[in-house]
Amino acid sequence: MLKVYLSTNGCEEAQLSSMEVEQFFDKNEATIVRDPTQADLIIFFACGLTDQREKDSLMIIRKLQAKKKTSARLAVWGCLPKINPQSLASVYDGPILGPMDTSFFEEILGKTKISFDNVSANTLVSKETPGLPSSSPSGLCNGHYTDAFIDAVILLKKGVEKLRFLKQKILIKTPFYIRVATGCTGHCTYCSERCAWGKIKSRPTDKIISEFERGLQKGYNRFFLVAADLGAYGKDIGRTLSDLLGRIIKTGNSKNYKMILNQISPSHLKELFFDLEDTFASGKVELLCSPVQSGSNSILKLMGRMYTAEEWKECMLKIHRRFPDIRLKTHLMVGFPTETDEDFRATLKLLDYPLFLDEIGIFKFSQRPTVFASRIPGQVPERTKELRYRKLLRKYAYRYAFNFPMSCRRIIL
């Protein structure tokens, strides 16, 4: 019987895709193993979002090659094979497989009892990978923490999260993941993922509702809607995100659950805001993430983002004031080509009172071979990126510490 080991260093989409592959092999009578040294087939979903993630992926591939049995086969798939196949070829000579090339797994087995199209997964493959530390659990930012004050703020955040779970009486903390779409509608000049995932491809609403009902039946009460461009859901099938969320709320009306709405682009948020107000008012939204990326409108224009910083902030402030129980999150990028000190100060200003963000992801612009922004004159030096990264992180940490009593009071009351 074929023994299969799966791993990834990627995002929720990568982890969910890897679990779908695991389910496919499991339902076709292969044996899933947790030790690569025991496997006949090792499948690694390689992230290539940034230069550092690419380096991590290549290191993991080398480690897996060193650990595997001589007779075992290694298959590398995911985003990196599409984003930078030349780099991958320096350590790997197998097939180049993107995240949508799932027919490859059916070809490995030949005759299958269940096709890949009939497999779905609602949990994630762990990001634990041999020889690498796990990712930070805090949700505060992306990177390493070297500041004692920031470490203290992370402990405060964990305390707030425990209080929140106690108040809401959430018995199952692990979310039930539901993929609602792949791909996106954007043309961001810094993003390397579009070439890997392609255009938006929304799942039928009825299938999503069926999975939601199954999650409720299993006792889950946190639902993470997975998509790279959640706000674009339905644009290819004549539906909207508000339609989908309305169906979910109607279906689970009598149940105690929360939804995590990740990756709603500000351009979609401002477009759908009026229609989403009933969803926000339902009390069923735990967290909303809308990645603004920059506080500078000139930088947003160069990024290909179809909104202004003021439009994003207006939407987030409305949610913050009208629906204070909804946790807010954003992503910010520093060091985009041509970013000046003035542009960076505009990004810092986004964290000013009265808006309070519960979580933040900070990224340094990374030159990837497939993105237009890598060829824009005026690339920002790495040292400047690092300094801006640290300044932004420290400002957010201070803002969080300042609002800590308010966060506790909001939960207790």
# chains A, B, ... in the order shown; residues from 1 in each chain; ligands from 1
>>> select_by_dssp(residues="segment 215-308 of chain A", states="strand (DSSP E or B)", output="MDAnalysis selection string")
chainID A and resid 222:226 258:261 285:289 293
>>> write_last_selection(atoms="N, CA and C atoms", output="mmCIF file, in the first residue's frame")
data_model
loop_
_atom_site.group_PDB
_atom_site.id
_atom_site.type_symbol
_atom_site.label_atom_id
_atom_site.label_comp_id
_atom_site.auth_asym_id
_atom_site.auth_seq_id
_atom_site.Cartn_x
_atom_site.Cartn_y
_atom_site.Cartn_z
ATOM 1 N N ARG A 222 -16.844 28.010 14.746
ATOM 2 C CA ARG A 222 -16.021 29.035 14.097
ATOM 3 C C ARG A 222 -15.798 28.587 12.659
ATOM 4 N N PHE A 223 -16.092 29.459 11.701
ATOM 5 C CA PHE A 223 -16.011 29.110 10.287
ATOM 6 C C PHE A 223 -15.130 30.120 9.564
ATOM 7 N N PHE A 224 -14.044 29.624 8.993
ATOM 8 C CA PHE A 224 -13.068 30.448 8.279
ATOM 9 C C PHE A 224 -13.335 30.304 6.784
ATOM 10 N N LEU A 225 -13.765 31.387 6.142
ATOM 11 C CA LEU A 225 -14.042 31.364 4.703
ATOM 12 C C LEU A 225 -12.741 31.649 3.959
ATOM 13 N N VAL A 226 -12.273 30.656 3.207
ATOM 14 C CA VAL A 226 -10.950 30.717 2.585
ATOM 15 C C VAL A 226 -11.054 31.182 1.136
ATOM 16 N N LYS A 258 -19.477 31.812 14.790
ATOM 17 C CA LYS A 258 -18.868 33.037 14.283
ATOM 18 C C LYS A 258 -18.167 32.743 12.955
ATOM 19 N N MET A 259 -18.073 33.781 12.116
ATOM 20 C CA MET A 259 -17.372 33.658 10.839
ATOM 21 C C MET A 259 -16.111 34.517 10.839
ATOM 22 N N ILE A 260 -15.070 34.020 10.200
ATOM 23 C CA ILE A 260 -13.841 34.775 9.980
ATOM 24 C C ILE A 260 -13.810 35.144 8.503
ATOM 25 N N LEU A 261 -13.866 36.432 8.227
ATOM 26 C CA LEU A 261 -13.889 36.932 6.848
ATOM 27 C C LEU A 261 -12.502 37.471 6.518
ATOM 28 N N VAL A 285 -20.064 37.743 12.877
ATOM 29 C CA VAL A 285 -18.718 37.972 12.338
ATOM 30 C C VAL A 285 -17.728 38.122 13.486
ATOM 31 N N GLU A 286 -16.750 37.263 13.537
ATOM 32 C CA GLU A 286 -15.708 37.340 14.564
ATOM 33 C C GLU A 286 -14.594 38.277 14.148
ATOM 34 N N LEU A 287 -14.142 38.149 12.912
ATOM 35 C CA LEU A 287 -13.004 38.948 12.437
ATOM 36 C C LEU A 287 -13.182 39.282 10.974
ATOM 37 N N LEU A 288 -12.783 40.493 10.621
ATOM 38 C CA LEU A 288 -12.762 40.920 9.224
ATOM 39 C C LEU A 288 -11.375 41.461 8.904
ATOM 40 N N CYS A 289 -10.771 40.932 7.868
ATOM 41 C CA CYS A 289 -9.464 41.413 7.413
ATOM 42 C C CYS A 289 -9.619 42.098 6.063
ATOM 43 N N GLN A 293 -2.564 47.749 2.688
ATOM 44 C CA GLN A 293 -1.205 47.738 2.136
ATOM 45 C C GLN A 293 -0.416 49.024 2.341
#
>>> closest_residue(among="A:Phe344, A:Phe116, A:Trp312, A:Phe336", to="Phe372 of chain A", atoms="only C-alpha atoms")
A:Phe336
>>> residues_around(residues="Ser18 of chain A", least_positions_apart="4", cutoff="9 Å", atoms="only C-alpha atoms", output="list in words")
Leu6, Ser7, Thr8, Glu13, Ala14, Glu22, Gln23, Ile43, Phe44, Phe45, Leu124 and Val125 of chain A
>>> write_last_selection(atoms="C-alpha atoms", output="PDB file, in the first residue's frame")
ATOM      1  CA  LEU A   6       2.356  15.786   2.925  1.00  0.00           C
ATOM      2  CA  SER A   7       3.733  19.116   4.076  1.00  0.00           C
ATOM      3  CA  THR A   8       3.663  22.831   3.266  1.00  0.00           C
ATOM      4  CA  GLU A  13      -4.966  28.137   1.056  1.00  0.00           C
ATOM      5  CA  ALA A  14      -1.821  26.035   0.770  1.00  0.00           C
ATOM      6  CA  GLU A  22      -4.350  14.067   1.808  1.00  0.00           C
ATOM      7  CA  GLN A  23      -8.076  13.323   1.743  1.00  0.00           C
ATOM      8  CA  ILE A  43       4.268  15.829  -1.540  1.00  0.00           C
ATOM      9  CA  PHE A  44       5.398  19.338  -0.623  1.00  0.00           C
ATOM     10  CA  PHE A  45       3.391  22.499  -1.376  1.00  0.00           C
ATOM     11  CA  LEU A 124      -5.483  22.245   7.536  1.00  0.00           C
ATOM     12  CA  VAL A 125      -2.283  20.311   7.073  1.00  0.00           C
TER      13      VAL A 125
END
>>> atom_distance(atom1="atom CA of Gly252 of chain A", atom2="atom CA of Ile209 of chain A")
9.7 Å
>>> residues_around(residues="Phe274 of chain A", least_positions_apart="5", cutoff="10 Å", atoms="only C-alpha atoms", output="ChimeraX atom specification")
/A:242,269,279
>>> select_by_dssp(residues="segment 57-297 of chain A", states="helix (DSSP H, G or I)", output="number ranges by chain")
A: 57-67, 80-83, 85-89, 103-109, 116-118, 148-168, 194-197, 205-217, 230-232, 241-251, 266-281, 297
>>> residues_around(residues="Lys82 of chain A", least_positions_apart="5", cutoff="7 Å", atoms="only C-alpha atoms", output="count of residues only")
3
>>> closest_residue(among="A:Lys385, A:Lys255, A:Arg368, A:Lys235", to="Gln52 of chain A", atoms="only C-alpha atoms")
A:Arg368
>>> closest_residue(among="A:Cys188, A:Leu64, A:Ile264, A:Val21", to="Leu302 of chain A", atoms="only C-alpha atoms")
A:Cys188
>>> atom_distance(atom1="atom CA of Asp26 of chain A", atom2="atom CA of Ser120 of chain A")
12.0 Å
>>> closest_residue(among="A:Pro99, A:Gly295, A:Gly283, A:Gly238", to="Leu351 of chain A", atoms="only C-alpha atoms")
A:Gly295
>>> residues_around(residues="Ala39 of chain A", least_positions_apart="4", cutoff="8 Å", atoms="only C-alpha atoms", output="list in words")
Leu2, Lys3, Val4, Tyr5, Val33, Asp35, Lys68, Lys69 and Ala72 of chain A
>>> write_last_selection(atoms="C-alpha atoms", output="tab-separated table (two decimals), in the first residue's frame")
chain	number	residue	atom	x	y	z
A	2	LEU	CA	1.32	3.45	-0.97
A	3	LYS	CA	2.54	5.52	1.98
A	4	VAL	CA	2.17	9.30	1.50
A	5	TYR	CA	3.64	12.21	3.48
A	33	VAL	CA	2.21	8.94	7.35
A	35	ASP	CA	7.25	10.85	9.09
A	68	LYS	CA	13.49	10.35	2.06
A	69	LYS	CA	14.11	6.71	1.22
A	72	ALA	CA	10.73	7.29	-2.51
>>> atom_distance(atom1="atom CA of Ile319 of chain A", atom2="atom CA of Ile362 of chain A")
21.7 Å
>>> residues_around(residues="Val334 of chain A", least_positions_apart="3", cutoff="9 Å", atoms="only C-alpha atoms", output="VMD selection string")
chain A and resid 293 to 294 339 344 347 362 to 365 385 to 386 388 to 389 392
>>> closest_residue(among="A:Ala281, A:Ala181, A:Gly215, A:Asp40", to="Gly234 of chain A", atoms="only C-alpha atoms")
A:Ala181
